[in-house]
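Peer 1: Sharing a structure here in structure tokens format.
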Amino acid sequence: MADEEPLPLIPDQRRELLVRHLRRDGVLSVQQITQIFGVSHMTVRRDIAELERQGLVFSVPGGVRIASHLQSEPSFQAKSLVEQPEKKAMAANAVELVREGMTVYLDAGTTLLAMVPLLARHESLTVVTNDFTTVDRLMSFTHLDVIHIGGQVDPSNRSSVGRLAATTLRQLALDIAFISTSSWDLLRGVTTPSAAKVEVKQAAMECTGISVLVAGSSKFGTFGKFRVAPLGSFDTVVTDDALATAAAEGIRAGGVDLRLARV
């Protein structure tokens with residue numbers, strides 16, 4: 001008796017196998033996937049979009065990759081040299097959420113640092129931060145009230161972290177908190193490879209009326225070992241307009257206001 005032809009896979013089976021292949025190989029091209037499963041490019045694109053909406057994979061030009069593990073964050077110096085147009089666009093978009101008289105928290109990071117000259121256009125603001133470079137820049141704008149929260153110093157990122165910094169933050173009532181991250185995705189939310197950063201970010205979110213994540217699309221699809229918060233904990237997410245459509249749909253499906261800054 002001749003061997004029977006194997007039954008075609010249903011979409012969920014095919015997608016599960018695709019995720020298994022990606023866990024092994026990391027990245028696959030659309031052409032490779034069509035050959036593995038014997039399906040059309042259109043079918044592969046649909047599978048990638050669905051898995052991306054679930055936060056399991058992330059599209060790249062010509063293919064798809066599995067979520068990658070961020071072992072350590074780049075230094076302040078390294079971050080300051082890259083993606084300047086994207087950072088300026090996100091800063092301009094985020095500052096639209098600020099109103100006169102607010103108490104504003106700026107988390108450490110080069111993207112939020114780009115907000116400083118824009119915030120200085122306001123006549124009456126209190127700016128709270130854990131970032132030493134941000135404080136240094138704010139010194140030029142004497143019409144703003146500035147609070148640095150202190151705490152354990154992280155020299156690599158020129159910021160303060162840890163329990164003492166978080167304790168200071170919890171004594172403040174913030175109107176809006178802008179949170180930065182080097183790793184975020186749909187499945188795990190905002191994460192970090194640094195345990196000392198978690199409590200400070202969480203304290204800022206606990207003490208504010210509005211929580212805003214400001215993070216570049218190039219950081220989407222990476223994750224660290226320590227979880228800060230799910231994306232649904234944020235009122236607004238500001239990123240650049242290179243974020244994949246399926247990822248944007250997944251974020252909005254969670255009820256988050258997503259703002260795509262045009263570069």
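Within each chain, counting starts at residue 1; across the structure tokens, chains are named A, B, ... in the order shown, with ligands numbered 1 upward in that order.
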Contacts of range 103-108 of chain A at 8 Å or less, counting only C-alpha atoms, minus same-chain residues fewer than 4 places along, as a PyMOL selection string?
Peer 2: chain A and resi 98+112-113+125-131+134+157-159+173-180+201+204
Peer 1: Check range 100-183 of chain A with DSSP on the backbone and list each residue it calls strand (DSSP E or B), as a list in words.
Peer 2: Thr103, Val104, Tyr105, Leu106, Thr126, Val127, Val128, Thr129, Asp131, Asp145, Val146, Ile147, His148, Gln152, Val153, Asp154, Ser159, Ser160, Val161, Leu174, Asp175, Ile176, Ala177, Phe178 and Ile179 of chain A
Peer 1: Extract the full set of helix (DSSP H, G or I) residues from range 149-222 of chain A according to DSSP on the backbone, and format it as a ChimeraX atom specification.
Peer 2: /A:155-157,162-169,195-206,217-219
Peer 1: Could you name the residues that touch Val237 in chain A at 12 Å or less, counting only C-alpha atoms, but leaving out those on the same chain fewer than 5 positions away, as a VMD selection string?
Peer 2: chain A and resid 90 93 to 94 97 177 to 181 184 to 186 189 to 190 210 to 217 220 230 to 232 243 248 251 to 252 254 to 261
Peer 1: Considering only C-alpha atoms, can you say which of A:Val39, A:Ala92, A:Met102, A:Ala120 comes closest to Val263 in chain A?
Peer 2: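 Nearest to Val263 in chain A: A:Ala92.
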Peer 1: If I take CA of Val135 in chain A and CA of Thr236 in chain A, how far is one from the other in Å, to one decimal?
Peer 2: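 Answer for the CA of Val135 in chain A to CA of Thr236 in chain A separation: 24.5 Å.
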Peer 1: For Ile48 in chain A, please output as a list in words all residues within 8 Å (counting only C-alpha atoms; exclusion window: fewer than 3 positions along the same chain).
Peer 2: Val44, Arg45, Leu51, Glu52, Val57, Phe58, Ser59 and Val64 of chain A
Peer 1: Please produce an output containing C-alpha atoms for each residue in the selection, written as a PDB file, in the first residue's frame.
Peer 2:
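Just written: result-v7.pdb:
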ATOM      1  CA  VAL A  44       3.648  33.539   4.955  1.00  0.00           C
ATOM      2  CA  ARG A  45       2.988  37.264   5.273  1.00  0.00           C
ATOM      3  CA  LEU A  51       2.398  36.044  15.135  1.00  0.00           C
ATOM      4  CA  GLU A  52       3.573  39.642  15.329  1.00  0.00           C
ATOM      5  CA  VAL A  57       7.916  37.353  16.375  1.00  0.00           C
ATOM      6  CA  PHE A  58       8.969  40.590  14.691  1.00  0.00           C
ATOM      7  CA  SER A  59       9.173  41.341  11.007  1.00  0.00           C
ATOM      8  CA  VAL A  64      11.031  37.617  10.352  1.00  0.00           C
TER       9      VAL A  64
END
Peer 1: Restricting the calculation to only C-alpha atoms: of A:Arg20, A:Arg262, A:Arg65, A:Arg15, which residue gets closest to Glu50 in chain A?
Peer 2: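 Closest residue, counting only C-alpha atoms: A:Arg15.
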Peer 1: With only C-alpha atoms as the counted atoms, please give the residues lying no more than 12 Å from Leu9 in chain A, apart from itself and same-chain residues fewer than 5 positions off, as an mmCIF file with N, CA and C atoms, in the first residue's frame.
Peer 2:
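Output saved as selection_16.cif:
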data_model
loop_
_atom_site.group_PDB
_atom_site.id
_atom_site.type_symbol
_atom_site.label_atom_id
_atom_site.label_comp_id
_atom_site.auth_asym_id
_atom_site.auth_seq_id
_atom_site.Cartn_x
_atom_site.Cartn_y
_atom_site.Cartn_z
ATOM 1 N N ARG A 14 0.862 25.456 11.547
ATOM 2 C CA ARG A 14 1.959 25.999 10.751
ATOM 3 C C ARG A 14 2.668 27.127 11.515
ATOM 4 N N ARG A 15 1.904 27.965 12.183
ATOM 5 C CA ARG A 15 2.498 29.080 12.920
ATOM 6 C C ARG A 15 3.288 28.586 14.125
ATOM 7 N N GLU A 16 2.790 27.552 14.777
ATOM 8 C CA GLU A 16 3.527 26.985 15.901
ATOM 9 C C GLU A 16 4.857 26.409 15.437
ATOM 10 N N LEU A 17 4.852 25.739 14.310
ATOM 11 C CA LEU A 17 6.100 25.202 13.764
ATOM 12 C C LEU A 17 7.048 26.314 13.321
ATOM 13 N N LEU A 18 6.483 27.384 12.792
ATOM 14 C CA LEU A 18 7.313 28.517 12.384
ATOM 15 C C LEU A 18 8.036 29.108 13.594
ATOM 16 N N PHE A 37 7.402 25.261 4.269
ATOM 17 C CA PHE A 37 6.009 24.849 4.438
ATOM 18 C C PHE A 37 5.270 24.636 3.124
ATOM 19 N N GLY A 38 5.895 24.993 1.991
ATOM 20 C CA GLY A 38 5.233 24.810 0.708
ATOM 21 C C GLY A 38 3.989 25.652 0.549
ATOM 22 N N VAL A 39 4.069 26.907 1.032
ATOM 23 C CA VAL A 39 2.919 27.806 0.938
ATOM 24 C C VAL A 39 3.340 29.070 0.190
#
